[in-house]
Amino acid sequence: MTSAQISIMIAITIYLIAMVAIGIYWSRKNENVGDFYLGGRKLGPFVTAMSAEASDMSSWLLMGLPGVAYLSGIADATWTAIGLAVGTYINWLIVAKRIRIYSHVAANSITLPDFFSRRYRDDKNILMCIAAVVIIIFFIPYTASGFAACGKLFSSIFGVNYHAAMIISAIVIVGYTATGGFSAASTTDLIQSIVMTIALFVVVIFGIKVSGGFDTVMENARALPGYLSMNEIYSVADHTAKPYNFLTICSTLAWGLGYFGMPHILLRFMAIEDEKKLSTSRRIATIWVIISMTVAIFIGVVGYSMSKVGALPILEGSGSETIIVQIAGLLSQSGVAVALLAGIILAGILAATMSTADSQLLAASSSVSHNLLQSFFGVKMSEKKAMFVARCSVIVISLIAAFIARDPNSSVFGIVSFAWAGFGAAFGPVVLAALFWRRSNKQGALAGMIVGGAMVFIWKYMLRPLGGVWNIYELLPAFLLSLITIIVVSLLTKAPEKEITDEFDHVKEVCTGRKK
């Protein structure tokens, strides 16, 4: 191992040890399952903002998004980013405060499936069960994408076996998540968002310098047809520009709809200590998201220029997702001190991965231990035993995710986009109806959840391959169909009871500050 690799390893090791230490620290403060899954609703505004966005961005920010821009230009990546930025802002603006208040009023719900069942007074917990199953189905592959990103990182830099690297990374993530729970995940997310930000800016500045300056970067990008266009996309296959039409733009913008149904983000809203400070969190989160995604896309453009001038090899297929790893590797060759900086960059990739994986593991384990075992099947547990089962659930889910991530050629962006669609379509319309429509009922919510989740699979694997008008991101049609289903079924079935509507009115009054 070279001196540069040793320096990188030292930086990453220090970072990983710090994450585990945070988990151990918070493990002593978790007195019950509510603390483990929601941190006792004690998050401050800055931690809430950065934790929510760090858990949202995941490895696709530093790997998937630059990889897409590197291969096909800015159109696909930028329209996706615009959709996500708008979705981020609207989610914080209209959902955050109301779900914080409503989840507390609705029997102090500590998970999203809890909230659905208690909001609609589903005594049989059918809604809770289906929601928990949806979380397990989509979060396990989502977590697997994070493990895969870690494996790619270490195998690219150190030439180690992909599977060994992936497993070691998973062990660290499981270590601090299973011990410290939600508070540990939120604290590490804050640190990870800072590390991610440093990584983004160092990489883009270094890349521009190696490419020969900003003008050279833009000149190389303009040489490819459609590469810098917002209504065309560069085709690697035949080196031509393909149209990026209005339907495709709408489809890509639909990424923003996914925010309304993301359990790991909604949990951050539910956990803030003072809902009056959410406006501060919203500003912090929106600004960070816009800046980080803009820089990430530009890294893809800079990376192409670096390949063009011969500083980096030409990357193909899913290999383009290692562009930031390749740049960090080149940076590490500039001396031991700079290699430590490269280590921080690579730790940033780990941060992006870990900040999402830990939140996903918590949401998935809560679905198994809290929602399914305790609430649906009625298994009685003491607080101590419930904590033990929660931690065991984290471990078991991690093993399944690691098995799914065993293929080193899997695309991080592809896996994330499918899971994102699943949550957005299955939960997004239900969340909006539960928070803003007084007439919605449990039959409508249940039907919408099932239709939305099922349509993601149907559209992805049966309709989208047909091409043409069918070739749109599965989240858009699945979300719309789920929303229509909720409306139709709710109107065709019995109206909600007075107890439910009175609670809805009370929450509305608290949120708006208006008395009827």
# chains A, B, ... in the order shown; residues from 1 in each chain; ligands from 1

$ select_by_dssp --residues "segment 118-170 of chain A" --states "helix (DSSP H, G or I)" --output "ChimeraX atom specification"
/A:118-119,126-158,162-170

$ closest_atom_pairs --of "segment 54-147 of chain A" --to "segment 251-262 of chain A" --cutoff "9 Å" --atoms "only C-alpha atoms" --output "JSON lines"
{"residue": "A:Asp56", "atom": "CA", "partner": "A:Met262", "partner_atom": "CA", "distance": 8.5}
{"residue": "A:Asp76", "atom": "CA", "partner": "A:Thr252", "partner_atom": "CA", "distance": 7.3}
{"residue": "A:Ala77", "atom": "CA", "partner": "A:Thr252", "partner_atom": "CA", "distance": 8.9}
{"residue": "A:Trp79", "atom": "CA", "partner": "A:Leu253", "partner_atom": "CA", "distance": 5.9}
{"residue": "A:Thr80", "atom": "CA", "partner": "A:Thr252", "partner_atom": "CA", "distance": 5.3}
{"residue": "A:Ala81", "atom": "CA", "partner": "A:Leu253", "partner_atom": "CA", "distance": 8.0}
{"residue": "A:Ile82", "atom": "CA", "partner": "A:Leu253", "partner_atom": "CA", "distance": 6.7}
{"residue": "A:Gly83", "atom": "CA", "partner": "A:Leu253", "partner_atom": "CA", "distance": 4.1}
{"residue": "A:Leu84", "atom": "CA", "partner": "A:Gly256", "partner_atom": "CA", "distance": 4.3}
{"residue": "A:Ala85", "atom": "CA", "partner": "A:Gly256", "partner_atom": "CA", "distance": 7.2}
{"residue": "A:Val86", "atom": "CA", "partner": "A:Gly256", "partner_atom": "CA", "distance": 6.4}
{"residue": "A:Gly87", "atom": "CA", "partner": "A:Gly256", "partner_atom": "CA", "distance": 4.0}
{"residue": "A:Thr88", "atom": "CA", "partner": "A:Tyr259", "partner_atom": "CA", "distance": 6.7}
{"residue": "A:Ile90", "atom": "CA", "partner": "A:Tyr259", "partner_atom": "CA", "distance": 8.9}
{"residue": "A:Asn91", "atom": "CA", "partner": "A:Phe260", "partner_atom": "CA", "distance": 6.2}
{"residue": "A:Val95", "atom": "CA", "partner": "A:Phe260", "partner_atom": "CA", "distance": 7.6}

$ write_last_selection --atoms "C-alpha atoms" --output "JSON list (two decimals), in the first residue's frame"
[["chain", "number", "residue", "atom", "x", "y", "z"],
["A", 56, "ASP", "CA", -32.39, 12.21, 1.62],
["A", 76, "ASP", "CA", -31.48, 14.45, -17.22],
["A", 77, "ALA", "CA", -29.54, 15.35, -14.08],
["A", 79, "TRP", "CA", -34.39, 18.35, -14.50],
["A", 80, "THR", "CA", -34.18, 15.71, -11.77],
["A", 81, "ALA", "CA", -32.46, 18.22, -9.48],
["A", 82, "ILE", "CA", -35.06, 20.91, -10.21],
["A", 83, "GLY", "CA", -37.86, 18.50, -9.35],
["A", 84, "LEU", "CA", -36.12, 17.53, -6.12],
["A", 85, "ALA", "CA", -35.41, 21.14, -5.13],
["A", 86, "VAL", "CA", -39.04, 22.17, -5.65],
["A", 87, "GLY", "CA", -40.25, 19.03, -3.86],
["A", 88, "THR", "CA", -37.92, 19.72, -0.93],
["A", 90, "ILE", "CA", -42.91, 22.37, -0.77],
["A", 91, "ASN", "CA", -42.53, 19.40, 1.56],
["A", 95, "VAL", "CA", -46.13, 19.01, 5.26]]

$ closest_residue --among "A:Ala18, A:Leu278, A:Val301, A:Val204" --to "Tyr89 of chain A" --atoms "only C-alpha atoms"
A:Leu278

$ residues_around --residues "Phe403 of chain A" --least-positions-apart "6" --cutoff "10 Å" --atoms "only C-alpha atoms" --output "number ranges by chain"
A: 141, 144, 147, 163, 167, 397

$ closest_atom_pairs --of "segment 94-208 of chain A" --to "segment 422-439 of chain A" --cutoff "12 Å" --atoms "only C-alpha atoms" --output "JSON lines"
{"residue": "A:Ile94", "atom": "CA", "partner": "A:Leu432", "partner_atom": "CA", "distance": 9.4}
{"residue": "A:Val95", "atom": "CA", "partner": "A:Leu435", "partner_atom": "CA", "distance": 7.7}
{"residue": "A:Ala96", "atom": "CA", "partner": "A:Leu435", "partner_atom": "CA", "distance": 10.3}
{"residue": "A:Lys97", "atom": "CA", "partner": "A:Leu435", "partner_atom": "CA", "distance": 10.3}
{"residue": "A:Arg98", "atom": "CA", "partner": "A:Leu435", "partner_atom": "CA", "distance": 6.8}
{"residue": "A:Ile99", "atom": "CA", "partner": "A:Leu435", "partner_atom": "CA", "distance": 7.0}
{"residue": "A:Arg100", "atom": "CA", "partner": "A:Leu435", "partner_atom": "CA", "distance": 10.5}
{"residue": "A:Ile101", "atom": "CA", "partner": "A:Leu435", "partner_atom": "CA", "distance": 10.2}
{"residue": "A:Tyr102", "atom": "CA", "partner": "A:Leu435", "partner_atom": "CA", "distance": 7.7}
{"residue": "A:Ser103", "atom": "CA", "partner": "A:Leu435", "partner_atom": "CA", "distance": 9.9}
{"residue": "A:Ala106", "atom": "CA", "partner": "A:Ala434", "partner_atom": "CA", "distance": 11.4}
{"residue": "A:Leu112", "atom": "CA", "partner": "A:Val431", "partner_atom": "CA", "distance": 9.0}
{"residue": "A:Pro113", "atom": "CA", "partner": "A:Phe427", "partner_atom": "CA", "distance": 9.7}
{"residue": "A:Phe115", "atom": "CA", "partner": "A:Ala434", "partner_atom": "CA", "distance": 9.3}
{"residue": "A:Phe116", "atom": "CA", "partner": "A:Ala434", "partner_atom": "CA", "distance": 7.6}
{"residue": "A:Ser117", "atom": "CA", "partner": "A:Ala434", "partner_atom": "CA", "distance": 10.5}
{"residue": "A:Arg118", "atom": "CA", "partner": "A:Ala434", "partner_atom": "CA", "distance": 10.6}
{"residue": "A:Arg119", "atom": "CA", "partner": "A:Ala434", "partner_atom": "CA", "distance": 7.2}
{"residue": "A:Tyr120", "atom": "CA", "partner": "A:Ala434", "partner_atom": "CA", "distance": 8.1}
{"residue": "A:Arg121", "atom": "CA", "partner": "A:Ala434", "partner_atom": "CA", "distance": 11.8}
{"residue": "A:Leu127", "atom": "CA", "partner": "A:Val430", "partner_atom": "CA", "distance": 10.6}
{"residue": "A:Met128", "atom": "CA", "partner": "A:Phe427", "partner_atom": "CA", "distance": 11.8}
{"residue": "A:Ile130", "atom": "CA", "partner": "A:Ala426", "partner_atom": "CA", "distance": 10.0}
{"residue": "A:Ala131", "atom": "CA", "partner": "A:Phe427", "partner_atom": "CA", "distance": 8.0}
{"residue": "A:Ala132", "atom": "CA", "partner": "A:Phe427", "partner_atom": "CA", "distance": 10.9}
{"residue": "A:Val133", "atom": "CA", "partner": "A:Ala426", "partner_atom": "CA", "distance": 11.0}
{"residue": "A:Val134", "atom": "CA", "partner": "A:Ala426", "partner_atom": "CA", "distance": 7.6}
{"residue": "A:Ile135", "atom": "CA", "partner": "A:Phe423", "partner_atom": "CA", "distance": 7.6}
{"residue": "A:Ile136", "atom": "CA", "partner": "A:Phe423", "partner_atom": "CA", "distance": 10.6}
{"residue": "A:Ile137", "atom": "CA", "partner": "A:Gly422", "partner_atom": "CA", "distance": 8.9}
{"residue": "A:Phe138", "atom": "CA", "partner": "A:Gly422", "partner_atom": "CA", "distance": 6.4}
{"residue": "A:Phe139", "atom": "CA", "partner": "A:Phe423", "partner_atom": "CA", "distance": 8.8}
{"residue": "A:Ile140", "atom": "CA", "partner": "A:Gly422", "partner_atom": "CA", "distance": 12.0}
{"residue": "A:Pro141", "atom": "CA", "partner": "A:Gly422", "partner_atom": "CA", "distance": 11.1}
{"residue": "A:Tyr142", "atom": "CA", "partner": "A:Gly422", "partner_atom": "CA", "distance": 10.4}

$ residues_around --residues "segment 282-297 of chain A" --least-positions-apart "6" --cutoff "8 Å" --atoms "only C-alpha atoms" --output "PyMOL selection string"
chain A and resi 46+49-50+52-53+61-62+65-66+69+74+77-78+81+85+88-89+92-93+197+200-201+204

$ residues_around --residues "Tyr162 of chain A" --least-positions-apart "4" --cutoff "12 Å" --atoms "only C-alpha atoms" --output "short mmCIF file (atom, residue, chain, number, x, y, z; two decimals) with N, CA and C atoms, in the first residue's frame"
data_model
loop_
_atom_site.label_atom_id
_atom_site.label_comp_id
_atom_site.auth_asym_id
_atom_site.auth_seq_id
_atom_site.Cartn_x
_atom_site.Cartn_y
_atom_site.Cartn_z
N PHE A 147 -24.97 0.19 0.49
CA PHE A 147 -23.89 -0.78 0.72
C PHE A 147 -23.07 -0.96 -0.56
N ALA A 148 -23.76 -1.00 -1.71
CA ALA A 148 -23.07 -1.16 -2.98
C ALA A 148 -22.14 0.02 -3.25
N ALA A 149 -22.59 1.22 -2.91
CA ALA A 149 -21.76 2.41 -3.12
C ALA A 149 -20.49 2.33 -2.28
N CYS A 150 -20.61 1.86 -1.05
CA CYS A 150 -19.43 1.71 -0.19
C CYS A 150 -18.46 0.69 -0.78
N GLY A 151 -19.00 -0.40 -1.27
CA GLY A 151 -18.15 -1.43 -1.87
C GLY A 151 -17.40 -0.91 -3.08
N LYS A 152 -18.09 -0.14 -3.93
CA LYS A 152 -17.45 0.44 -5.11
C LYS A 152 -16.34 1.41 -4.71
N LEU A 153 -16.60 2.16 -3.66
CA LEU A 153 -15.63 3.15 -3.20
C LEU A 153 -14.31 2.49 -2.82
N PHE A 154 -14.37 1.53 -1.93
CA PHE A 154 -13.13 0.92 -1.43
C PHE A 154 -12.44 0.05 -2.48
N SER A 155 -13.22 -0.64 -3.29
CA SER A 155 -12.59 -1.48 -4.30
C SER A 155 -11.91 -0.63 -5.37
N SER A 156 -12.46 0.57 -5.65
CA SER A 156 -11.86 1.45 -6.66
C SER A 156 -10.57 2.08 -6.16
N ILE A 157 -10.54 2.47 -4.89
CA ILE A 157 -9.38 3.17 -4.36
C ILE A 157 -8.26 2.23 -3.94
N PHE A 158 -8.62 1.18 -3.23
CA PHE A 158 -7.60 0.33 -2.64
C PHE A 158 -7.40 -1.00 -3.38
N MET A 166 -17.73 -3.98 0.98
CA MET A 166 -19.14 -3.72 1.20
C MET A 166 -19.59 -4.22 2.57
N ILE A 167 -19.12 -5.39 2.96
CA ILE A 167 -19.51 -5.97 4.25
C ILE A 167 -18.95 -5.16 5.42
N ILE A 168 -17.69 -4.74 5.32
CA ILE A 168 -17.09 -3.94 6.39
C ILE A 168 -17.85 -2.63 6.57
N SER A 169 -18.20 -1.99 5.46
CA SER A 169 -18.95 -0.73 5.52
C SER A 169 -20.31 -0.96 6.19
N ALA A 402 -27.35 -6.56 2.27
CA ALA A 402 -26.00 -6.91 1.83
C ALA A 402 -26.03 -8.01 0.78
N ALA A 405 -26.97 -6.48 -2.47
CA ALA A 405 -25.90 -5.61 -2.98
C ALA A 405 -24.67 -6.38 -3.44
N ARG A 406 -24.77 -7.70 -3.54
CA ARG A 406 -23.59 -8.51 -3.86
C ARG A 406 -23.08 -8.30 -5.28
N ASP A 407 -23.93 -7.74 -6.17
CA ASP A 407 -23.52 -7.51 -7.56
C ASP A 407 -22.80 -6.17 -7.67
N PRO A 408 -21.50 -6.16 -7.97
CA PRO A 408 -20.74 -4.90 -8.05
C PRO A 408 -21.12 -4.03 -9.24
N ASN A 409 -21.86 -4.59 -10.21
CA ASN A 409 -22.22 -3.84 -11.41
C ASN A 409 -23.59 -3.17 -11.30
#

$ closest_residue --among "A:Met196, A:Met63, A:Ala342, A:Ala390" --to "Gly319 of chain A" --atoms "only C-alpha atoms"
A:Met63

$ closest_residue --among "A:Glu474, A:Glu509, A:Glu321, A:Asp114" --to "Leu267 of chain A" --atoms "only C-alpha atoms"
A:Asp114

$ closest_residue --among "A:Ile126, A:Phe504, A:Asn245, A:Ala419" --to "Ala447 of chain A" --atoms "only C-alpha atoms"
A:Ile126

$ atom_distance --atom1 "atom CA of Leu475 of chain A" --atom2 "atom CA of Val456 of chain A"
6.5 Å

$ select_by_dssp --residues "segment 89-279 of chain A" --states "strand (DSSP E or B)" --output "PyMOL selection string"
chain A and resi 232-235+240-243+272

$ write_last_selection --atoms "N, CA, C and O atoms" --output "tab-separated table (two decimals), in the first residue's frame"
chain	number	residue	atom	x	y	z
A	232	GLU	N	-32.17	18.55	-24.87
A	232	GLU	CA	-31.55	17.45	-25.61
A	232	GLU	C	-30.65	16.67	-24.65
A	232	GLU	O	-30.26	17.17	-23.59
A	233	ILE	N	-30.35	15.44	-25.03
A	233	ILE	CA	-29.50	14.60	-24.21
A	233	ILE	C	-28.46	13.92	-25.10
A	233	ILE	O	-28.78	13.50	-26.22
A	234	TYR	N	-27.24	13.86	-24.64
A	234	TYR	CA	-26.17	13.27	-25.43
A	234	TYR	C	-26.28	11.74	-25.41
A	234	TYR	O	-26.42	11.13	-24.35
A	235	SER	N	-26.23	11.13	-26.57
A	235	SER	CA	-26.29	9.68	-26.69
A	235	SER	C	-24.89	9.11	-26.83
A	235	SER	O	-24.19	9.39	-27.81
A	240	THR	N	-24.71	11.33	-30.75
A	240	THR	CA	-25.62	12.35	-31.29
A	240	THR	C	-26.50	12.89	-30.16
A	240	THR	O	-26.52	12.35	-29.06
A	241	ALA	N	-27.22	13.98	-30.47
A	241	ALA	CA	-28.14	14.56	-29.49
A	241	ALA	C	-29.53	13.99	-29.70
A	241	ALA	O	-30.05	13.98	-30.82
A	242	LYS	N	-30.14	13.51	-28.65
A	242	LYS	CA	-31.51	12.99	-28.71
A	242	LYS	C	-32.44	14.00	-28.04
A	242	LYS	O	-32.07	14.64	-27.05
A	243	PRO	N	-33.65	14.17	-28.55
A	243	PRO	CA	-34.57	15.15	-27.95
A	243	PRO	C	-34.99	14.78	-26.53
A	243	PRO	O	-35.23	13.60	-26.24
A	272	ILE	N	-38.86	17.03	15.38
A	272	ILE	CA	-38.36	18.34	15.79
A	272	ILE	C	-38.99	18.75	17.12
A	272	ILE	O	-40.17	18.47	17.39

$ residues_around --residues "Leu330 of chain A" --least-positions-apart "5" --cutoff "10 Å" --atoms "only C-alpha atoms" --output "list of chain:residue names"
A:Phe206, A:Gly207, A:Val210, A:Ala311, A:Leu312, A:Ile324, A:Val325, A:Ala339, A:Ala342

$ atom_distance --atom1 "atom CA of Val160 of chain A" --atom2 "atom CA of Met9 of chain A"
12.4 Å
